[in-house]
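Pasting protein.txt here (compact mmCIF, C-alpha atoms):
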```
# COMPACT_ATOMS: atom_id res chain seq x y z
CA MET A 1 -15.26 4.58 3.56
CA LYS A 2 -12.30 5.31 5.82
CA VAL A 3 -8.98 4.13 4.32
CA LEU A 4 -5.26 4.86 4.28
CA LYS A 5 -3.81 6.46 1.15
CA ILE A 6 -0.11 5.84 0.61
CA GLU A 7 1.65 7.87 -2.05
CA PRO A 8 5.30 7.45 -3.08
CA GLY A 9 7.59 9.57 -0.92
CA LYS A 10 4.87 10.49 1.59
CA VAL A 11 3.62 9.25 4.94
CA PRO A 12 0.24 7.47 5.02
CA GLU A 13 -2.83 9.71 5.04
CA ARG A 14 -6.27 8.82 6.43
CA ILE A 15 -8.95 9.73 3.91
CA ASP A 16 -12.61 9.09 3.14
CA VAL A 17 -13.33 7.64 -0.30
CA ASP A 18 -16.45 6.45 -2.10
CA ASN A 19 -16.59 2.67 -2.33
CA GLU A 20 -17.11 2.77 -6.09
CA LEU A 21 -14.86 1.34 -8.77
CA ALA A 22 -14.44 4.68 -10.56
CA SER A 23 -13.33 6.41 -7.34
CA LEU A 24 -10.81 3.69 -6.50
CA GLN A 25 -9.43 3.66 -10.05
CA SER A 26 -9.10 7.44 -9.99
CA ILE A 27 -6.95 7.34 -6.85
CA VAL A 28 -4.60 4.57 -8.02
CA GLY A 29 -4.53 5.84 -11.61
CA GLY A 30 -5.89 2.83 -13.49
CA TYR A 31 -7.28 -0.67 -13.21
CA ILE A 32 -7.26 -1.93 -9.63
CA GLU A 33 -5.63 -5.01 -8.17
CA VAL A 34 -6.14 -6.13 -4.59
CA LEU A 35 -3.32 -7.65 -2.55
CA TYR A 36 -3.85 -9.37 0.79
CA PRO A 37 -0.67 -8.76 2.82
CA ASP A 38 -1.63 -10.26 6.19
CA ALA A 39 -3.86 -13.32 6.63
CA ARG A 40 -4.51 -12.31 10.26
CA ARG A 41 -5.98 -8.91 9.34
CA PRO A 42 -9.11 -8.23 7.24
CA VAL A 43 -7.43 -5.73 4.91
CA GLY A 44 -6.70 -5.35 1.24
CA LEU A 45 -4.16 -3.17 -0.54
CA ILE A 46 -5.74 -1.63 -3.62
CA CYS A 47 -3.11 -0.67 -6.17
CA ASN A 48 -2.76 -0.05 -9.90
CA GLU A 49 -2.76 -3.45 -11.60
CA GLU A 50 -0.36 -2.18 -14.29
CA GLY A 51 1.71 0.12 -12.06
CA LYS A 52 5.07 -1.49 -12.76
CA ASN A 53 4.37 -1.89 -16.50
CA CYS A 54 3.40 1.79 -16.69
CA ASN A 55 6.61 2.78 -14.88
CA LEU A 56 4.79 4.35 -11.95
CA GLU A 57 7.14 5.41 -9.16
CA LEU A 58 8.03 2.54 -6.84
CA ASN A 59 6.36 3.15 -3.51
CA ARG A 60 6.67 0.52 -0.74
CA ALA A 61 8.04 -3.00 -0.50
CA LEU A 62 6.04 -5.84 0.97
CA TYR A 63 7.99 -8.13 3.29
CA LYS A 64 7.64 -11.71 4.47
CA ASN A 65 9.97 -13.01 7.16
CA GLY A 66 12.00 -9.80 6.86
CA LYS A 67 12.65 -10.20 3.12
CA PRO A 68 10.98 -8.21 0.34
CA TYR A 69 8.76 -10.28 -1.94
CA ASP A 70 7.06 -7.51 -3.95
CA ILE A 71 7.09 -3.76 -4.48
CA ILE A 72 3.97 -1.68 -5.03
CA ALA A 73 4.29 0.95 -7.75
CA GLY A 74 2.24 4.12 -7.53
CA THR A 75 -0.31 5.29 -5.00
CA PHE A 76 -2.21 2.57 -3.14
CA LEU A 77 -4.97 2.30 -0.54
CA VAL A 78 -5.28 0.13 2.55
CA VAL A 79 -8.95 -0.79 2.98
CA GLY A 80 -10.96 -2.95 5.32
CA LEU A 81 -12.62 -6.12 4.06
CA SER A 82 -16.04 -7.52 4.86
CA GLU A 83 -17.32 -10.87 3.63
CA GLU A 84 -18.47 -9.37 0.35
CA ASP A 85 -16.92 -5.95 -0.21
CA PHE A 86 -14.44 -3.29 0.83
CA THR A 87 -15.29 -1.45 4.03
CA ASP A 88 -13.92 1.03 6.57
CA LEU A 89 -10.48 0.20 7.87
CA ARG A 90 -10.67 -0.79 11.55
CA GLU A 91 -8.81 1.60 13.87
CA GLU A 92 -6.33 -1.07 15.00
CA ASP A 93 -5.53 -1.95 11.38
CA ALA A 94 -5.22 1.72 10.39
CA ALA A 95 -2.73 2.28 13.24
CA TYR A 96 -0.78 -0.89 12.33
CA PHE A 97 -0.43 0.00 8.64
CA GLU A 98 0.30 3.68 9.37
CA LYS A 99 3.27 2.49 11.40
CA LEU A 100 4.28 -0.22 8.89
CA PHE A 101 4.26 2.18 5.92
CA HIS A 102 5.22 5.35 7.82
CA SER A 103 8.70 5.76 6.31
CA PRO A 104 8.79 6.19 2.55
CA GLU A 105 11.27 3.96 0.73
CA LYS A 106 13.75 4.59 -2.08
CA PHE A 107 14.72 1.85 -4.52
CA GLY A 108 17.88 1.42 -6.52
CA ARG A 109 20.25 -1.13 -7.96
CA PHE A 110 23.85 -1.75 -7.05
CA ALA A 111 25.98 -4.56 -8.47
CA GLY A 112 22.85 -6.19 -9.89
CA ARG A 113 21.05 -6.23 -6.54
CA LEU A 114 17.98 -4.33 -5.46
CA ILE A 115 18.70 -1.82 -2.70
CA ILE A 116 15.80 -0.59 -0.52
CA SER A 117 16.38 2.27 1.89
CA LYS A 118 13.97 3.98 4.27
CA VAL A 119 13.66 7.77 3.95
CA VAL A 120 14.11 9.35 7.36
CA SER A 121 12.90 12.91 7.74
CA GLY A 122 14.44 15.55 9.96
CA GLY A 123 18.01 14.31 9.72
CA ALA A 124 20.97 16.62 9.19
```

Can you turn what I pasted into structure tokens?
Amino acid sequence: MKVLKIEPGKVPERIDVDNELASLQSIVGGYIEVLYPDARRPVGLICNEEGKNCNLELNRALYKNGKPYDIIAGTFLVVGLSEEDFTDLREEDAAYFEKLFHSPEKFGRFAGRLIISKVVSGGA
């Protein structure tokens, strides 16, 4: 199936992956968890269920009303959803999430607060 693969520190990549549990687990590096970031789009984010507990590298923040509400740790996939299973990501959803997750993010703490900064390439 056609999906987006998003690795820490990298731009999204369109890939083909088998729609089998073992294949999905292999890509995210463990048990899978599915997040549903946008009720208006039939997509799921497949990530490592234990990513934060296993200290996987923080990857991208999820935002609601401009404020972060969660951070995905480790590599994750953006997949399409049908009524019963994962499916190919629609072109319009692939383009939307490529843009949304295009800039890698760095995470840190300062004065007890979480700091999220976008990584911009090509700057001097």

**Request:** With a distance cut-off of 12 Å and only C-alpha atoms, select the neighbouring residues of segment 85-92 of chain A, excluding the residue or stretch itself and same-chain residues fewer than 5 positions from it, and output the selection as a ChimeraX atom specification.
**Result:** /A:1-5,14-21,24,34,41-46,77-80,97-99

So which residues touch Ile72 of chain A within 8 Å, counting all atoms listed in the file, skipping near sequence neighbours fewer than 5 positions away, as a PDB file with C-alpha atoms, keeping the file's coordinate frame?
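The new file result.pdb reads:
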```
ATOM      1  CA  CYS A  47      -3.110  -0.670  -6.170  1.00  0.00           C
ATOM      2  CA  GLY A  51       1.710   0.120 -12.060  1.00  0.00           C
ATOM      3  CA  LYS A  52       5.070  -1.490 -12.760  1.00  0.00           C
ATOM      4  CA  LEU A  58       8.030   2.540  -6.840  1.00  0.00           C
ATOM      5  CA  ASN A  59       6.360   3.150  -3.510  1.00  0.00           C
ATOM      6  CA  ARG A  60       6.670   0.520  -0.740  1.00  0.00           C
ATOM      7  CA  ALA A  61       8.040  -3.000  -0.500  1.00  0.00           C
ATOM      8  CA  LEU A  62       6.040  -5.840   0.970  1.00  0.00           C
TER       9      LEU A  62
END
```

Students should find that atom CA of Ala95 of chain A and atom CA of Glu50 of chain A are spaced 28.0 Å

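The space separating atom CA of Ile71 of chain A from atom CA of Glu49 of chain A comes to 12.2 Å.
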
Q. Taking (0.6, 4.0, -5.9) in the file's coordinates, which residues come within 6 Å, counting only C-alpha atoms, written as number ranges by chain?
A. A: 7, 28, 47, 73-76

Check your understanding: Could you state the separation of atom CA of His102 of chain A and atom CA of Ala39 of chain A in Å, given to one decimal place?
Key ->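 Atom CA of Ala39 of chain A lies at a distance of 20.8 Å from atom CA of His102 of chain A.
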
| task | Name the closest residue to Ile6 of chain A among the candidates A:Ser103, A:Ile116, A:Phe110, A:Tyr69; distances are taken between atoms, counting all atoms listed in the file. | result |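 Checking each of A:Ser103, A:Ile116, A:Phe110, A:Tyr69 against Ile6 of chain A, counting all atoms listed in the file, the winner is A:Ser103.
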
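Nearest residue to Tyr96 of chain A among A:Asp38, A:Leu114, A:Val120, A:Glu57 is A:Asp38, counting all atoms listed in the file.
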
Listed atoms of segment 70-87 of chain A boxed along x, y and z, 4 Å each side, centre and edge lengths in Å, one decimal, as lines of an AutoDock Vina configuration file:
```
center_x = -5.7
center_y = -2.8
center_z = -1.2
size_x = 33.6
size_y = 24.2
size_z = 21.1
```

| field | Pick from A:Ala22, A:Ile27, A:Val11, A:Leu35 nearest to Asp70 of chain A, counting all atoms listed in the file | value |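 Looking at the shortest contact to Asp70 of chain A, the residue is A:Leu35.
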
Between A:Tyr31, A:Tyr36, A:Phe101, A:Phe107, smallest distance to Asn48 of chain A by all atoms listed in the file belongs to A:Tyr31
